[in-house]
Amino acid sequence: MLTNYVYRLRPNVTQSNKMSNWLDMLRSTYNWSLADRIDQYNQQFIQGDYCDLRARGEACPLTCFVSKNGASGEPWKDTKVNKDGKLKNPRRSAGDIQITGLPELKKARPWFGGIDSTVLQQNVKRLDAAYKNFFSARRCANEGRGFTKFKNRNNFTSFTYQMGVKVQGNKIYLPKLGWMRFFNSRVIPEGFTIKAATIRKRQDGWYVSIRIEDKTIPDYVSKPLDEVKSILGCDLGITKLVHLSDRYQIDNPRFSTNKKAQRTLKIRQRRISRKVKGSKNRQKSSIKLGRFHKKIADKRAAYQWDVANKIVSRKVDAIALEDLNISGMLKRCKIKTDEITGRFLKNGQSTKKGLNRAISDASWADLILKIEYLAEKQGKVVIKINPKHSSQECRNCGHIDKSNRDGEKFICTECGYHEHADIGAAKTIRDRGLEIVRGDSAKLGVNHQNAQKVSQCSTWGLPK
């Protein structure tokens, strides 16, 4: 079994400064590697015969090395030998080319020698993972991951060790950083070995996520679909965070969109805007704002774990959730212009802005991820359902109409059936899940593979 434990570190000033410098150097390496791959791609498929568009130099093996793998360096590996004693000379991937170039980087830039070698290698593999996610997303229409972007100080805050990490009591050993104290809030069970450790910088300090594994303990196994007899339907909302098919409703605290939080955010953001750019006072104000955002995020995460536990602890075999396109729901409204004057017209974006904030504050994607994780631990099945017309479909006659729903009220314009709109939607989701379990998935336009999705747990906060 593979799982992750997260702890807060207690580094001294020297260690904290050293980790901050590592982040700056790793970010520059990440951005250079990304730029290298983009340049190689441009030379092969976009620029044609030119090595550089500005210099107008032609691509020639004598003047410019062009690699089909998308990275500059030696694409052929000459260390492996076959049975006859001849070199296999296999072709390297782009990531392997850039990893083998790291020793040359340390020679040219000696200060990179202070960073652990596995940290540098994992930094390149991080770029590889972003590339694979992008190209796999292009093949699979259900995934929506975009092309990786250049990193700045705000979105590059972590690095990973692959080996050499040790834990003794309330101290942890990190290669090239030494022994460091941490808050041992959760003892690592006996029999588990450390596989990797990810260090992350947050608003209030440094944290470590330790990945541990014990092969003697089997992984969690979900119940097969043919053994599912009872299903709980869940409808996600804003007025109430979750509506269940058993008529139970869970409140939405609105951690970042309530009046007190909005007022505090407005004041602290205004204080930042009044400070001189680049000054220490502006930096102090930014730290205060960041800590408040972290406080909101921690409250939301703790509440979502409680909600997920309430849902999963129900005596059912499966949980039916909406397969929501949240990124599409947060998109801006289309621009409207006057055909005669060409001026911009009102498109409802100012009204939708509040809805977008409420959706982001509810954080449905994180809640779904937590429900999937807890359900897998208890051997329950999570079924993703297409939510189309779930709140507009009459449960009595099947009539679908927008006018059926008026806020939280549902009154069918065809037969007069009335019910709570969101609870009725949860029941509809439950019924669709039952149809999938019985094998009638063609009726819903959802195949078995898309209906049942195994939980994907991230490195931070959700152990696999």
# chains A, B, ... in the order shown; residues from 1 in each chain; ligands from 1

$ select_by_dssp --residues "segment 222-382 of chain A" --states "helix (DSSP H, G or I)" --output "count of residues only"
83

$ select_by_dssp --residues "segment 255-336 of chain A" --states "strand (DSSP E)" --output "count of residues only"
6

$ closest_residue --among "A:Leu2, A:Leu120, A:Arg10, A:Lys259" --to "Asn184 of chain A" --atoms "only C-alpha atoms"
A:Arg10

$ closest_atom_pairs --of "segment 367-403 of chain A" --to "segment 213-230 of chain A" --cutoff "10 Å" --atoms "only C-alpha atoms" --output "JSON lines"
{"residue": "A:Ala375", "atom": "CA", "partner": "A:Ser222", "partner_atom": "CA", "distance": 8.2}
{"residue": "A:Glu376", "atom": "CA", "partner": "A:Ser222", "partner_atom": "CA", "distance": 5.9}
{"residue": "A:Lys377", "atom": "CA", "partner": "A:Tyr220", "partner_atom": "CA", "distance": 5.8}
{"residue": "A:Gln378", "atom": "CA", "partner": "A:Ser222", "partner_atom": "CA", "distance": 7.8}
{"residue": "A:Gly379", "atom": "CA", "partner": "A:Ser222", "partner_atom": "CA", "distance": 4.2}
{"residue": "A:Lys380", "atom": "CA", "partner": "A:Ser222", "partner_atom": "CA", "distance": 5.5}
{"residue": "A:Val381", "atom": "CA", "partner": "A:Ser222", "partner_atom": "CA", "distance": 5.9}
{"residue": "A:Val382", "atom": "CA", "partner": "A:Ser222", "partner_atom": "CA", "distance": 9.0}
{"residue": "A:Ile383", "atom": "CA", "partner": "A:Leu225", "partner_atom": "CA", "distance": 9.6}

$ atom_distance --atom1 "atom CA of Phe159 of chain A" --atom2 "atom CA of Ile326 of chain A"
28.6 Å

$ residues_around --residues "Ser391 of chain A" --least-positions-apart "6" --cutoff "10 Å" --atoms "only C-alpha atoms" --output "list in words"
Asp235, Ile400, Asp401, Lys402, Asn404, Arg405, Glu408, Phe410, His420, Ala421, Asp422, Ile423, Gly424, Ala425, Ala426, Lys427, Thr428 and Ile429 of chain A

$ write_last_selection --atoms "N, CA and C atoms" --output "short mmCIF file (atom, residue, chain, number, x, y, z; two decimals), in the first residue's frame"
data_model
loop_
_atom_site.label_atom_id
_atom_site.label_comp_id
_atom_site.auth_asym_id
_atom_site.auth_seq_id
_atom_site.Cartn_x
_atom_site.Cartn_y
_atom_site.Cartn_z
N ASP A 235 -26.20 15.70 -5.36
CA ASP A 235 -26.32 16.86 -6.24
C ASP A 235 -25.59 18.02 -5.58
N ILE A 400 -39.11 17.41 -19.76
CA ILE A 400 -37.94 18.25 -19.55
C ILE A 400 -38.24 19.65 -20.06
N ASP A 401 -38.11 20.62 -19.17
CA ASP A 401 -38.39 22.01 -19.55
C ASP A 401 -37.69 22.93 -18.54
N LYS A 402 -37.11 24.04 -19.02
CA LYS A 402 -36.46 24.98 -18.13
C LYS A 402 -37.44 25.60 -17.15
N ASN A 404 -39.75 24.29 -15.66
CA ASN A 404 -40.14 23.40 -14.57
C ASN A 404 -39.54 23.85 -13.24
N ARG A 405 -38.37 24.47 -13.33
CA ARG A 405 -37.66 24.84 -12.11
C ARG A 405 -37.74 26.34 -11.88
N GLU A 408 -35.46 26.94 -5.96
CA GLU A 408 -35.41 25.63 -5.33
C GLU A 408 -36.72 24.86 -5.50
N PHE A 410 -39.62 22.95 -7.75
CA PHE A 410 -39.80 22.23 -9.00
C PHE A 410 -41.30 21.92 -9.16
N HIS A 420 -38.78 19.48 -4.16
CA HIS A 420 -37.58 20.30 -4.03
C HIS A 420 -36.67 20.00 -5.22
N ALA A 421 -36.27 21.05 -5.93
CA ALA A 421 -35.57 20.86 -7.21
C ALA A 421 -34.26 20.11 -7.04
N ASP A 422 -33.44 20.49 -6.06
CA ASP A 422 -32.12 19.88 -5.91
C ASP A 422 -32.21 18.45 -5.36
N ILE A 423 -33.15 18.21 -4.46
CA ILE A 423 -33.32 16.84 -3.95
C ILE A 423 -33.85 15.94 -5.07
N GLY A 424 -34.75 16.47 -5.88
CA GLY A 424 -35.21 15.70 -7.03
C GLY A 424 -34.09 15.40 -8.01
N ALA A 425 -33.15 16.37 -8.18
CA ALA A 425 -31.99 16.13 -9.05
C ALA A 425 -31.10 15.03 -8.47
N ALA A 426 -30.94 15.02 -7.15
CA ALA A 426 -30.14 13.96 -6.51
C ALA A 426 -30.78 12.59 -6.73
N LYS A 427 -32.09 12.52 -6.67
CA LYS A 427 -32.78 11.25 -6.92
C LYS A 427 -32.64 10.83 -8.38
N THR A 428 -32.69 11.80 -9.28
CA THR A 428 -32.49 11.48 -10.70
C THR A 428 -31.09 10.94 -10.95
N ILE A 429 -30.08 11.54 -10.30
CA ILE A 429 -28.71 11.05 -10.43
C ILE A 429 -28.59 9.64 -9.87
#

$ residues_around --residues "Gly164 of chain A" --least-positions-apart "3" --cutoff "12 Å" --atoms "only C-alpha atoms" --output "ChimeraX atom specification"
/A:116-119,160-161,167,172-179,193-197

$ atom_distance --atom1 "atom CA of Cys397 of chain A" --atom2 "atom CA of Cys415 of chain A"
7.0 Å

$ closest_residue --among "A:Arg291, A:Lys275, A:Leu434, A:Pro110" --to "Asp204 of chain A" --atoms "only C-alpha atoms"
A:Arg291

$ atom_distance --atom1 "atom CA of Asn309 of chain A" --atom2 "atom CA of Ile250 of chain A"
12.1 Å

$ residues_around --residues "Arg268 of chain A" --least-positions-apart "3" --cutoff "8 Å" --atoms "only C-alpha atoms" --output "number ranges by chain"
A: 264-265, 271-272, 285, 288-289

$ decode --residues "segment 286-431 of chain A" --atoms "C-alpha atoms" --output "PDB file, in the first residue's frame"
ATOM      1  CA  SER A 286       1.268  40.508   0.793  1.00  0.00           C
ATOM      2  CA  ILE A 287       2.338  37.954   3.398  1.00  0.00           C
ATOM      3  CA  LYS A 288      -0.627  38.904   5.612  1.00  0.00           C
ATOM      4  CA  LEU A 289      -3.014  38.521   2.679  1.00  0.00           C
ATOM      5  CA  GLY A 290      -1.493  35.161   1.765  1.00  0.00           C
ATOM      6  CA  ARG A 291      -1.853  33.880   5.306  1.00  0.00           C
ATOM      7  CA  PHE A 292      -5.522  34.856   5.321  1.00  0.00           C
ATOM      8  CA  HIS A 293      -6.067  32.999   2.027  1.00  0.00           C
ATOM      9  CA  LYS A 294      -4.333  29.954   3.531  1.00  0.00           C
ATOM     10  CA  LYS A 295      -6.553  30.158   6.603  1.00  0.00           C
ATOM     11  CA  ILE A 296      -9.631  30.092   4.354  1.00  0.00           C
ATOM     12  CA  ALA A 297      -8.238  27.157   2.360  1.00  0.00           C
ATOM     13  CA  ASP A 298      -7.480  25.167   5.529  1.00  0.00           C
ATOM     14  CA  LYS A 299     -10.989  25.760   6.879  1.00  0.00           C
ATOM     15  CA  ARG A 300     -12.515  24.667   3.573  1.00  0.00           C
ATOM     16  CA  ALA A 301     -10.379  21.521   3.399  1.00  0.00           C
ATOM     17  CA  ALA A 302     -11.241  20.506   6.974  1.00  0.00           C
ATOM     18  CA  TYR A 303     -14.951  21.045   6.336  1.00  0.00           C
ATOM     19  CA  GLN A 304     -14.822  19.081   3.075  1.00  0.00           C
ATOM     20  CA  TRP A 305     -13.212  16.107   4.820  1.00  0.00           C
ATOM     21  CA  ASP A 306     -16.070  16.170   7.336  1.00  0.00           C
ATOM     22  CA  VAL A 307     -18.664  16.379   4.551  1.00  0.00           C
ATOM     23  CA  ALA A 308     -17.014  13.585   2.558  1.00  0.00           C
ATOM     24  CA  ASN A 309     -16.965  11.380   5.647  1.00  0.00           C
ATOM     25  CA  LYS A 310     -20.677  12.004   6.232  1.00  0.00           C
ATOM     26  CA  ILE A 311     -21.501  11.008   2.649  1.00  0.00           C
ATOM     27  CA  VAL A 312     -19.271   7.935   2.454  1.00  0.00           C
ATOM     28  CA  SER A 313     -20.347   6.627   5.878  1.00  0.00           C
ATOM     29  CA  ARG A 314     -23.921   6.081   4.609  1.00  0.00           C
ATOM     30  CA  LYS A 315     -24.968   2.438   4.393  1.00  0.00           C
ATOM     31  CA  VAL A 316     -24.847   2.155   0.601  1.00  0.00           C
ATOM     32  CA  ASP A 317     -22.748   0.192  -1.878  1.00  0.00           C
ATOM     33  CA  ALA A 318     -22.089   3.033  -4.341  1.00  0.00           C
ATOM     34  CA  ILE A 319     -22.150   6.822  -4.563  1.00  0.00           C
ATOM     35  CA  ALA A 320     -23.365   8.586  -7.705  1.00  0.00           C
ATOM     36  CA  LEU A 321     -21.755  11.990  -8.351  1.00  0.00           C
ATOM     37  CA  GLU A 322     -22.222  14.579 -11.068  1.00  0.00           C
ATOM     38  CA  ASP A 323     -19.558  14.614 -13.761  1.00  0.00           C
ATOM     39  CA  LEU A 324     -19.326  18.411 -13.882  1.00  0.00           C
ATOM     40  CA  ASN A 325     -17.341  20.504 -16.354  1.00  0.00           C
ATOM     41  CA  ILE A 326     -16.329  23.063 -13.739  1.00  0.00           C
ATOM     42  CA  SER A 327     -13.783  24.864 -15.936  1.00  0.00           C
ATOM     43  CA  GLY A 328     -16.499  25.345 -18.556  1.00  0.00           C
ATOM     44  CA  MET A 329     -18.891  26.710 -15.928  1.00  0.00           C
ATOM     45  CA  LEU A 330     -16.285  29.309 -14.922  1.00  0.00           C
ATOM     46  CA  LYS A 331     -15.686  30.601 -18.458  1.00  0.00           C
ATOM     47  CA  ARG A 332     -16.436  34.211 -19.295  1.00  0.00           C
ATOM     48  CA  CYS A 333     -19.544  35.145 -21.232  1.00  0.00           C
ATOM     49  CA  LYS A 334     -19.253  35.702 -24.970  1.00  0.00           C
ATOM     50  CA  ILE A 335     -18.612  39.275 -26.069  1.00  0.00           C
ATOM     51  CA  LYS A 336     -21.542  41.150 -27.597  1.00  0.00           C
ATOM     52  CA  THR A 337     -21.039  44.133 -29.912  1.00  0.00           C
ATOM     53  CA  ASP A 338     -23.342  46.541 -31.684  1.00  0.00           C
ATOM     54  CA  GLU A 339     -23.453  45.751 -35.392  1.00  0.00           C
ATOM     55  CA  ILE A 340     -23.652  49.429 -36.360  1.00  0.00           C
ATOM     56  CA  THR A 341     -21.379  51.253 -33.908  1.00  0.00           C
ATOM     57  CA  GLY A 342     -19.179  48.307 -32.923  1.00  0.00           C
ATOM     58  CA  ARG A 343     -19.449  49.191 -29.244  1.00  0.00           C
ATOM     59  CA  PHE A 344     -19.467  46.520 -26.593  1.00  0.00           C
ATOM     60  CA  LEU A 345     -22.860  45.636 -25.155  1.00  0.00           C
ATOM     61  CA  LYS A 346     -23.765  44.134 -21.796  1.00  0.00           C
ATOM     62  CA  ASN A 347     -23.259  40.367 -21.872  1.00  0.00           C
ATOM     63  CA  GLY A 348     -24.062  39.496 -18.260  1.00  0.00           C
ATOM     64  CA  GLN A 349     -20.447  38.960 -17.175  1.00  0.00           C
ATOM     65  CA  SER A 350     -20.741  41.389 -14.236  1.00  0.00           C
ATOM     66  CA  THR A 351     -23.656  39.313 -12.925  1.00  0.00           C
ATOM     67  CA  LYS A 352     -21.886  36.009 -13.604  1.00  0.00           C
ATOM     68  CA  LYS A 353     -18.815  37.203 -11.690  1.00  0.00           C
ATOM     69  CA  GLY A 354     -20.536  36.560  -8.371  1.00  0.00           C
ATOM     70  CA  LEU A 355     -21.615  33.093  -9.514  1.00  0.00           C
ATOM     71  CA  ASN A 356     -18.054  32.253 -10.542  1.00  0.00           C
ATOM     72  CA  ARG A 357     -16.777  33.272  -7.114  1.00  0.00           C
ATOM     73  CA  ALA A 358     -19.403  31.145  -5.404  1.00  0.00           C
ATOM     74  CA  ILE A 359     -18.501  28.110  -7.549  1.00  0.00           C
ATOM     75  CA  SER A 360     -14.790  28.568  -6.820  1.00  0.00           C
ATOM     76  CA  ASP A 361     -15.521  28.969  -3.110  1.00  0.00           C
ATOM     77  CA  ALA A 362     -17.573  25.744  -3.045  1.00  0.00           C
ATOM     78  CA  SER A 363     -14.573  23.881  -4.555  1.00  0.00           C
ATOM     79  CA  TRP A 364     -16.596  20.973  -5.933  1.00  0.00           C
ATOM     80  CA  ALA A 365     -13.605  19.313  -7.605  1.00  0.00           C
ATOM     81  CA  ASP A 366     -11.699  18.975  -4.313  1.00  0.00           C
ATOM     82  CA  LEU A 367     -14.813  17.663  -2.564  1.00  0.00           C
ATOM     83  CA  ILE A 368     -15.341  15.029  -5.265  1.00  0.00           C
ATOM     84  CA  LEU A 369     -11.704  13.963  -4.959  1.00  0.00           C
ATOM     85  CA  LYS A 370     -12.050  13.517  -1.196  1.00  0.00           C
ATOM     86  CA  ILE A 371     -15.273  11.526  -1.609  1.00  0.00           C
ATOM     87  CA  GLU A 372     -13.564   9.230  -4.124  1.00  0.00           C
ATOM     88  CA  TYR A 373     -10.602   8.676  -1.807  1.00  0.00           C
ATOM     89  CA  LEU A 374     -12.699   7.818   1.257  1.00  0.00           C
ATOM     90  CA  ALA A 375     -15.038   5.650  -0.810  1.00  0.00           C
ATOM     91  CA  GLU A 376     -12.109   3.626  -2.134  1.00  0.00           C
ATOM     92  CA  LYS A 377     -10.810   3.117   1.412  1.00  0.00           C
ATOM     93  CA  GLN A 378     -14.173   1.657   2.418  1.00  0.00           C
ATOM     94  CA  GLY A 379     -14.494  -0.463  -0.721  1.00  0.00           C
ATOM     95  CA  LYS A 380     -17.383   1.532  -2.178  1.00  0.00           C
ATOM     96  CA  VAL A 381     -17.879   2.409  -5.833  1.00  0.00           C
ATOM     97  CA  VAL A 382     -18.027   5.980  -7.125  1.00  0.00           C
ATOM     98  CA  ILE A 383     -20.029   6.428 -10.333  1.00  0.00           C
ATOM     99  CA  LYS A 384     -19.790   9.615 -12.400  1.00  0.00           C
ATOM    100  CA  ILE A 385     -23.134  10.578 -13.957  1.00  0.00           C
ATOM    101  CA  ASN A 386     -23.895  12.943 -16.805  1.00  0.00           C
ATOM    102  CA  PRO A 387     -25.872  15.722 -15.018  1.00  0.00           C
ATOM    103  CA  LYS A 388     -27.634  16.999 -18.144  1.00  0.00           C
ATOM    104  CA  HIS A 389     -31.241  18.072 -17.371  1.00  0.00           C
ATOM    105  CA  SER A 390     -31.080  16.357 -13.959  1.00  0.00           C
ATOM    106  CA  SER A 391     -32.799  19.316 -12.258  1.00  0.00           C
ATOM    107  CA  GLN A 392     -35.241  20.024 -15.140  1.00  0.00           C
ATOM    108  CA  GLU A 393     -36.547  16.496 -15.711  1.00  0.00           C
ATOM    109  CA  CYS A 394     -39.864  15.575 -14.087  1.00  0.00           C
ATOM    110  CA  ARG A 395     -39.577  12.400 -12.044  1.00  0.00           C
ATOM    111  CA  ASN A 396     -43.249  11.612 -12.616  1.00  0.00           C
ATOM    112  CA  CYS A 397     -43.749  11.993 -16.371  1.00  0.00           C
ATOM    113  CA  GLY A 398     -40.174  12.595 -17.634  1.00  0.00           C
ATOM    114  CA  HIS A 399     -41.020  16.008 -19.131  1.00  0.00           C
ATOM    115  CA  ILE A 400     -37.935  18.251 -19.548  1.00  0.00           C
ATOM    116  CA  ASP A 401     -38.386  22.009 -19.546  1.00  0.00           C
ATOM    117  CA  LYS A 402     -36.458  24.979 -18.129  1.00  0.00           C
ATOM    118  CA  SER A 403     -39.651  26.490 -16.759  1.00  0.00           C
ATOM    119  CA  ASN A 404     -40.142  23.400 -14.572  1.00  0.00           C
ATOM    120  CA  ARG A 405     -37.662  24.842 -12.106  1.00  0.00           C
ATOM    121  CA  ASP A 406     -38.104  28.110 -10.210  1.00  0.00           C
ATOM    122  CA  GLY A 407     -35.204  28.520  -7.790  1.00  0.00           C
ATOM    123  CA  GLU A 408     -35.414  25.630  -5.327  1.00  0.00           C
ATOM    124  CA  LYS A 409     -38.973  24.800  -6.362  1.00  0.00           C
ATOM    125  CA  PHE A 410     -39.802  22.228  -9.003  1.00  0.00           C
ATOM    126  CA  ILE A 411     -43.311  22.247 -10.526  1.00  0.00           C
ATOM    127  CA  CYS A 412     -43.809  20.251 -13.722  1.00  0.00           C
ATOM    128  CA  THR A 413     -45.599  22.282 -16.399  1.00  0.00           C
ATOM    129  CA  GLU A 414     -46.935  19.055 -17.913  1.00  0.00           C
ATOM    130  CA  CYS A 415     -48.363  17.037 -14.992  1.00  0.00           C
ATOM    131  CA  GLY A 416     -48.092  19.413 -12.022  1.00  0.00           C
ATOM    132  CA  TYR A 417     -45.689  17.226 -10.019  1.00  0.00           C
ATOM    133  CA  HIS A 418     -43.853  19.334  -7.383  1.00  0.00           C
ATOM    134  CA  GLU A 419     -40.770  18.659  -5.288  1.00  0.00           C
ATOM    135  CA  HIS A 420     -37.577  20.302  -4.031  1.00  0.00           C
ATOM    136  CA  ALA A 421     -35.574  20.860  -7.208  1.00  0.00           C
ATOM    137  CA  ASP A 422     -32.120  19.876  -5.906  1.00  0.00           C
ATOM    138  CA  ILE A 423     -33.322  16.844  -3.953  1.00  0.00           C
ATOM    139  CA  GLY A 424     -35.211  15.697  -7.035  1.00  0.00           C
ATOM    140  CA  ALA A 425     -31.990  16.128  -9.047  1.00  0.00           C
ATOM    141  CA  ALA A 426     -30.136  13.960  -6.515  1.00  0.00           C
ATOM    142  CA  LYS A 427     -32.784  11.252  -6.919  1.00  0.00           C
ATOM    143  CA  THR A 428     -32.491  11.478 -10.700  1.00  0.00           C
ATOM    144  CA  ILE A 429     -28.706  11.053 -10.431  1.00  0.00           C
ATOM    145  CA  ARG A 430     -29.272   8.032  -8.187  1.00  0.00           C
ATOM    146  CA  ASP A 431     -31.674   6.466 -10.723  1.00  0.00           C
TER     147      ASP A 431
END
